[in-house]
Amino acid sequence: MNIIVIIFLVLGLIFFTGGSVGIIRFPDFYSRLHPAGKLDTTGLLMTMLAAALYTIQDFSTESLLTGLKIMLIVVFVFITGPTATHAIVDAGIRAGLRPWTKKEKAD
Amino acid sequence: MKWFGFIAVFLCGSLFIYGTVEFPGWGDPLSPTSTHVSPYYIEKTMEDTSVPNIVTAVLADYRGYDTMFETAVIFSAGIACLFLLRQMKRKKTDFRLYRHTATGITFRIEKGGKLPPTAKEFERIDGLWTPYDLIIKTTGRFIIPFIQIFALYVIAHGHHSPGGGFQGGVILGASFVLFAISHDLRSALNRMSEKLTAFFYTLGVYIYAGTGALCILLGANFLDYSALATILFVDPVTARSHGILIVEIGVGIAVMAVMVILYYNLVSAGKFDEGL
């Protein structure tokens, strides 16, 4: 059981690292939101899954409830995270920021 | 004059730094606080108030007088913001925007122009920020009840876990702010008007101070909740626990209302007409 927990944790950390690198490396506002939105959500799913699995190791009603609450965090982040990214992109379009293209860089 | 200010600041600052030399070291077991007050709280909180969370017991019971004035400070912050920002003179904006809900066509009504009848076909939209976003509205509607339930949980569980009136009140206020962001300021004002907000933050402080005054009426010291035992039909120890809860609810209401009024004032520059 611990091995599965460790695998999930490491997977989640890989996603988080990818997200952090992506925020720094991507060229403009919109493409930076892409790793920030997607990879963090997946990374959170993996790490929270690991935490939930770790808590329900000693099987009882209390630990099951705690695991359920941890998975509830994932549910809320799955709903709010994409909405926040959507709102930020919307605000960027409204403010008149154009997406980055390769052609512009050549000029 | 500049130099005079600089010298005054320098002198005061060095006086403060000189004062810190006399302080006891961090976590010094022989310092006055660690020898007199802290051991009493740590050992006696459970038998005095039956509250497992010592921080809450100290905050709302032993040092309840301080916390009452903290609530009063929050209250006066809300009042001060109201006095500084609120524009009482109703000044008409240069133009207003209306949207036809069925077609999505936006009308711009100039100053003095005839406004469309307040029928259901037209909805007023903001001049600067015109979000027509079903996704954000729906998510807001879905998530706000959970935030509010969590806020009530934090307020009510101040005895047993970290939390209490201040934290829960901020979360509760944040849910109203989220509603105002995801919809618009006018629909938020329809749900939670300015008058209702003013009533709530007065009510919060009133509950706190009123509990203290009630204790005096029942023949005990100000904010000595054990006197409430006769009203609540419990023993004095449990009455102190319940008294803390009542006070926390007052703090929560006050903090929530102040958060909302601060948001309303800041976002609309005191006009309460258009805002984020």
# chains A, B, ... in the order shown; residues from 1 in each chain; ligands from 1
$ residues_around --residues "Val5 (chain A)" --least-positions-apart "3" --cutoff "7 Å" --atoms "only C-alpha atoms" --output "PyMOL selection string"
chain A and resi 1-2+8-9+50+53-54
$ write_last_selection --atoms "N, CA and C atoms" --output "PDB file, in the first residue's frame"
ATOM      1  N   MET A   1       0.826  -1.206   0.000  1.00  0.00           N
ATOM      2  CA  MET A   1       0.000   0.000   0.000  1.00  0.00           C
ATOM      3  C   MET A   1       0.861   1.257   0.000  1.00  0.00           C
ATOM      4  N   ASN A   2       1.916   1.263   0.835  1.00  0.00           N
ATOM      5  CA  ASN A   2       2.788   2.442   0.893  1.00  0.00           C
ATOM      6  C   ASN A   2       3.429   2.726  -0.450  1.00  0.00           C
ATOM      7  N   PHE A   8       1.977   7.523  -6.365  1.00  0.00           N
ATOM      8  CA  PHE A   8       1.050   8.627  -6.641  1.00  0.00           C
ATOM      9  C   PHE A   8       1.655   9.970  -6.277  1.00  0.00           C
ATOM     10  N   LEU A   9       2.338  10.004  -5.122  1.00  0.00           N
ATOM     11  CA  LEU A   9       2.949  11.265  -4.670  1.00  0.00           C
ATOM     12  C   LEU A   9       3.979  11.748  -5.677  1.00  0.00           C
ATOM     13  N   ALA A  50      -3.064  10.187  -3.082  1.00  0.00           N
ATOM     14  CA  ALA A  50      -2.075   9.546  -2.230  1.00  0.00           C
ATOM     15  C   ALA A  50      -2.420   9.763  -0.762  1.00  0.00           C
ATOM     16  N   LEU A  53      -5.452   7.653   0.184  1.00  0.00           N
ATOM     17  CA  LEU A  53      -5.094   6.239   0.321  1.00  0.00           C
ATOM     18  C   LEU A  53      -4.332   5.992   1.617  1.00  0.00           C
ATOM     19  N   TYR A  54      -3.466   6.970   1.966  1.00  0.00           N
ATOM     20  CA  TYR A  54      -2.682   6.815   3.190  1.00  0.00           C
ATOM     21  C   TYR A  54      -3.580   6.837   4.424  1.00  0.00           C
TER      22      TYR A  54
END
$ residues_around --residues "Leu49 (chain A)" --least-positions-apart "4" --cutoff "12 Å" --atoms "only C-alpha atoms" --output "ChimeraX atom specification"
/A:4-12,42-45,53-56,66-75
$ atom_distance --atom1 "CA of Arg240 (chain B)" --atom2 "CA of Gly168 (chain B)"
20.5 Å
$ interface_residues --of "chain A" --to "chain B" --cutoff "12 Å" --atoms "only C-alpha atoms" --output "PyMOL selection string"
chain A and resi 72-73+75-88+90-91+93-95
$ residues_around --residues "Gly212 (chain B)" --least-positions-apart "4" --cutoff "12 Å" --atoms "only C-alpha atoms" --output "PyMOL selection string"
chain B and resi 60-61+64-65+67-68+205-208+216-228+240+243-244+246-247+250
$ select_by_dssp --residues "region 61-212 of chain B" --states "strand (DSSP E or B)" --output "list in words"
Phe95, Arg96, Leu97, Tyr98, Arg99, His100, Thr106, Phe107, Arg108, Ile109, Glu110, Phe122, Glu123, Arg124 and Ile125 of chain B
$ atom_distance --atom1 "CA of Ala52 (chain A)" --atom2 "CA of Asp40 (chain A)"
17.7 Å
$ atom_distance --atom1 "CA of Ala239 (chain B)" --atom2 "CA of Val255 (chain B)"
24.2 Å
$ residues_around --residues "region 259-273 of chain B" --least-positions-apart "4" --cutoff "10 Å" --atoms "only C-alpha atoms" --output "ChimeraX atom specification"
/B:74,77-93,126,169-177,180-181,185-186,188-189,192-195,197-198,201,254-255
$ closest_residue --among "A:Leu64, A:Leu33, A:Leu39, A:Leu97" --to "Thr17 (chain A)" --atoms "only C-alpha atoms"
A:Leu39
$ residues_around --residues "Thr238 (chain B)" --least-positions-apart "3" --cutoff "10 Å" --atoms "only C-alpha atoms" --output "list in words"
Glu47, Asp48, Thr49, Ser50, Val51, Tyr225, Ser226, Leu228, Ala229, Leu232, Phe233, Val234, Asp235, Ser241, His242, Gly243 and Ile244 of chain B
$ write_last_selection --atoms "N, CA, C and O atoms" --output "PDB file, in the first residue's frame"
ATOM      1  N   GLU B  47     -11.002  22.634  33.134  1.00  0.00           N
ATOM      2  CA  GLU B  47     -11.960  22.554  34.252  1.00  0.00           C
ATOM      3  C   GLU B  47     -12.734  23.852  34.453  1.00  0.00           C
ATOM      4  O   GLU B  47     -13.840  23.836  34.987  1.00  0.00           O
ATOM      5  N   ASP B  48     -12.154  24.997  34.007  1.00  0.00           N
ATOM      6  CA  ASP B  48     -12.876  26.261  34.144  1.00  0.00           C
ATOM      7  C   ASP B  48     -13.988  26.397  33.118  1.00  0.00           C
ATOM      8  O   ASP B  48     -15.103  26.830  33.435  1.00  0.00           O
ATOM      9  N   THR B  49     -13.656  26.085  31.843  1.00  0.00           N
ATOM     10  CA  THR B  49     -14.589  26.431  30.765  1.00  0.00           C
ATOM     11  C   THR B  49     -15.032  25.235  29.934  1.00  0.00           C
ATOM     12  O   THR B  49     -15.904  25.389  29.087  1.00  0.00           O
ATOM     13  N   SER B  50     -14.426  24.079  30.118  1.00  0.00           N
ATOM     14  CA  SER B  50     -14.701  22.869  29.330  1.00  0.00           C
ATOM     15  C   SER B  50     -14.526  23.128  27.840  1.00  0.00           C
ATOM     16  O   SER B  50     -15.277  22.639  27.013  1.00  0.00           O
ATOM     17  N   VAL B  51     -13.516  23.955  27.492  1.00  0.00           N
ATOM     18  CA  VAL B  51     -13.196  24.204  26.092  1.00  0.00           C
ATOM     19  C   VAL B  51     -11.813  23.616  25.810  1.00  0.00           C
ATOM     20  O   VAL B  51     -10.842  24.018  26.432  1.00  0.00           O
ATOM     21  N   TYR B 225     -19.128  34.716  31.852  1.00  0.00           N
ATOM     22  CA  TYR B 225     -20.253  33.962  31.289  1.00  0.00           C
ATOM     23  C   TYR B 225     -20.876  32.968  32.250  1.00  0.00           C
ATOM     24  O   TYR B 225     -21.961  32.462  31.993  1.00  0.00           O
ATOM     25  N   SER B 226     -20.202  32.661  33.368  1.00  0.00           N
ATOM     26  CA  SER B 226     -20.766  31.664  34.276  1.00  0.00           C
ATOM     27  C   SER B 226     -22.091  32.154  34.864  1.00  0.00           C
ATOM     28  O   SER B 226     -22.902  31.349  35.312  1.00  0.00           O
ATOM     29  N   LEU B 228     -24.435  33.267  33.128  1.00  0.00           N
ATOM     30  CA  LEU B 228     -25.495  32.911  32.189  1.00  0.00           C
ATOM     31  C   LEU B 228     -26.117  31.553  32.502  1.00  0.00           C
ATOM     32  O   LEU B 228     -27.082  31.155  31.867  1.00  0.00           O
ATOM     33  N   ALA B 229     -25.537  30.834  33.472  1.00  0.00           N
ATOM     34  CA  ALA B 229     -26.012  29.485  33.773  1.00  0.00           C
ATOM     35  C   ALA B 229     -27.491  29.459  34.099  1.00  0.00           C
ATOM     36  O   ALA B 229     -28.204  28.531  33.709  1.00  0.00           O
ATOM     37  N   LEU B 232     -29.410  29.811  30.674  1.00  0.00           N
ATOM     38  CA  LEU B 232     -29.246  28.708  29.727  1.00  0.00           C
ATOM     39  C   LEU B 232     -29.558  27.350  30.332  1.00  0.00           C
ATOM     40  O   LEU B 232     -29.514  26.336  29.641  1.00  0.00           O
ATOM     41  N   PHE B 233     -29.869  27.299  31.624  1.00  0.00           N
ATOM     42  CA  PHE B 233     -30.203  26.054  32.331  1.00  0.00           C
ATOM     43  C   PHE B 233     -29.097  25.019  32.238  1.00  0.00           C
ATOM     44  O   PHE B 233     -29.338  23.847  31.941  1.00  0.00           O
ATOM     45  N   VAL B 234     -27.848  25.450  32.418  1.00  0.00           N
ATOM     46  CA  VAL B 234     -26.721  24.507  32.478  1.00  0.00           C
ATOM     47  C   VAL B 234     -25.857  24.894  33.664  1.00  0.00           C
ATOM     48  O   VAL B 234     -26.066  25.927  34.290  1.00  0.00           O
ATOM     49  N   ASP B 235     -24.857  24.052  33.955  1.00  0.00           N
ATOM     50  CA  ASP B 235     -23.968  24.388  35.062  1.00  0.00           C
ATOM     51  C   ASP B 235     -23.002  25.500  34.633  1.00  0.00           C
ATOM     52  O   ASP B 235     -22.798  25.715  33.435  1.00  0.00           O
ATOM     53  N   SER B 241     -18.636  27.884  28.305  1.00  0.00           N
ATOM     54  CA  SER B 241     -18.434  27.373  26.945  1.00  0.00           C
ATOM     55  C   SER B 241     -19.467  27.944  25.989  1.00  0.00           C
ATOM     56  O   SER B 241     -19.140  28.402  24.895  1.00  0.00           O
ATOM     57  N   HIS B 242     -20.758  27.951  26.436  1.00  0.00           N
ATOM     58  CA  HIS B 242     -21.818  28.485  25.579  1.00  0.00           C
ATOM     59  C   HIS B 242     -21.654  29.977  25.370  1.00  0.00           C
ATOM     60  O   HIS B 242     -21.919  30.498  24.281  1.00  0.00           O
ATOM     61  N   GLY B 243     -21.207  30.674  26.443  1.00  0.00           N
ATOM     62  CA  GLY B 243     -20.992  32.119  26.329  1.00  0.00           C
ATOM     63  C   GLY B 243     -19.969  32.440  25.263  1.00  0.00           C
ATOM     64  O   GLY B 243     -20.143  33.378  24.472  1.00  0.00           O
ATOM     65  N   ILE B 244     -18.895  31.623  25.206  1.00  0.00           N
ATOM     66  CA  ILE B 244     -17.884  31.824  24.165  1.00  0.00           C
ATOM     67  C   ILE B 244     -18.519  31.680  22.789  1.00  0.00           C
ATOM     68  O   ILE B 244     -18.265  32.474  21.889  1.00  0.00           O
TER      69      ILE B 244
END
$ select_by_dssp --residues "region 106-183 of chain B" --states "alpha helix (DSSP H)" --output "ChimeraX atom specification"
/B:134-156,165-182
$ residues_around --residues "Arg124 (chain B)" --least-positions-apart "6" --cutoff "7 Å" --atoms "only C-alpha atoms" --output "list in words"
Leu97, Tyr98 and Arg99 of chain B
$ write_last_selection --atoms "N, CA and C atoms" --output "tab-separated table (two decimals), in the first residue's frame"
chain	number	residue	atom	x	y	z
B	97	LEU	N	-25.53	51.38	-19.84
B	97	LEU	CA	-25.61	50.33	-20.84
B	97	LEU	C	-26.70	49.33	-20.44
B	98	TYR	N	-27.51	48.97	-21.43
B	98	TYR	CA	-28.54	47.96	-21.20
B	98	TYR	C	-28.39	46.87	-22.25
B	99	ARG	N	-28.65	45.65	-21.83
B	99	ARG	CA	-28.56	44.55	-22.78
B	99	ARG	C	-29.92	43.91	-22.95
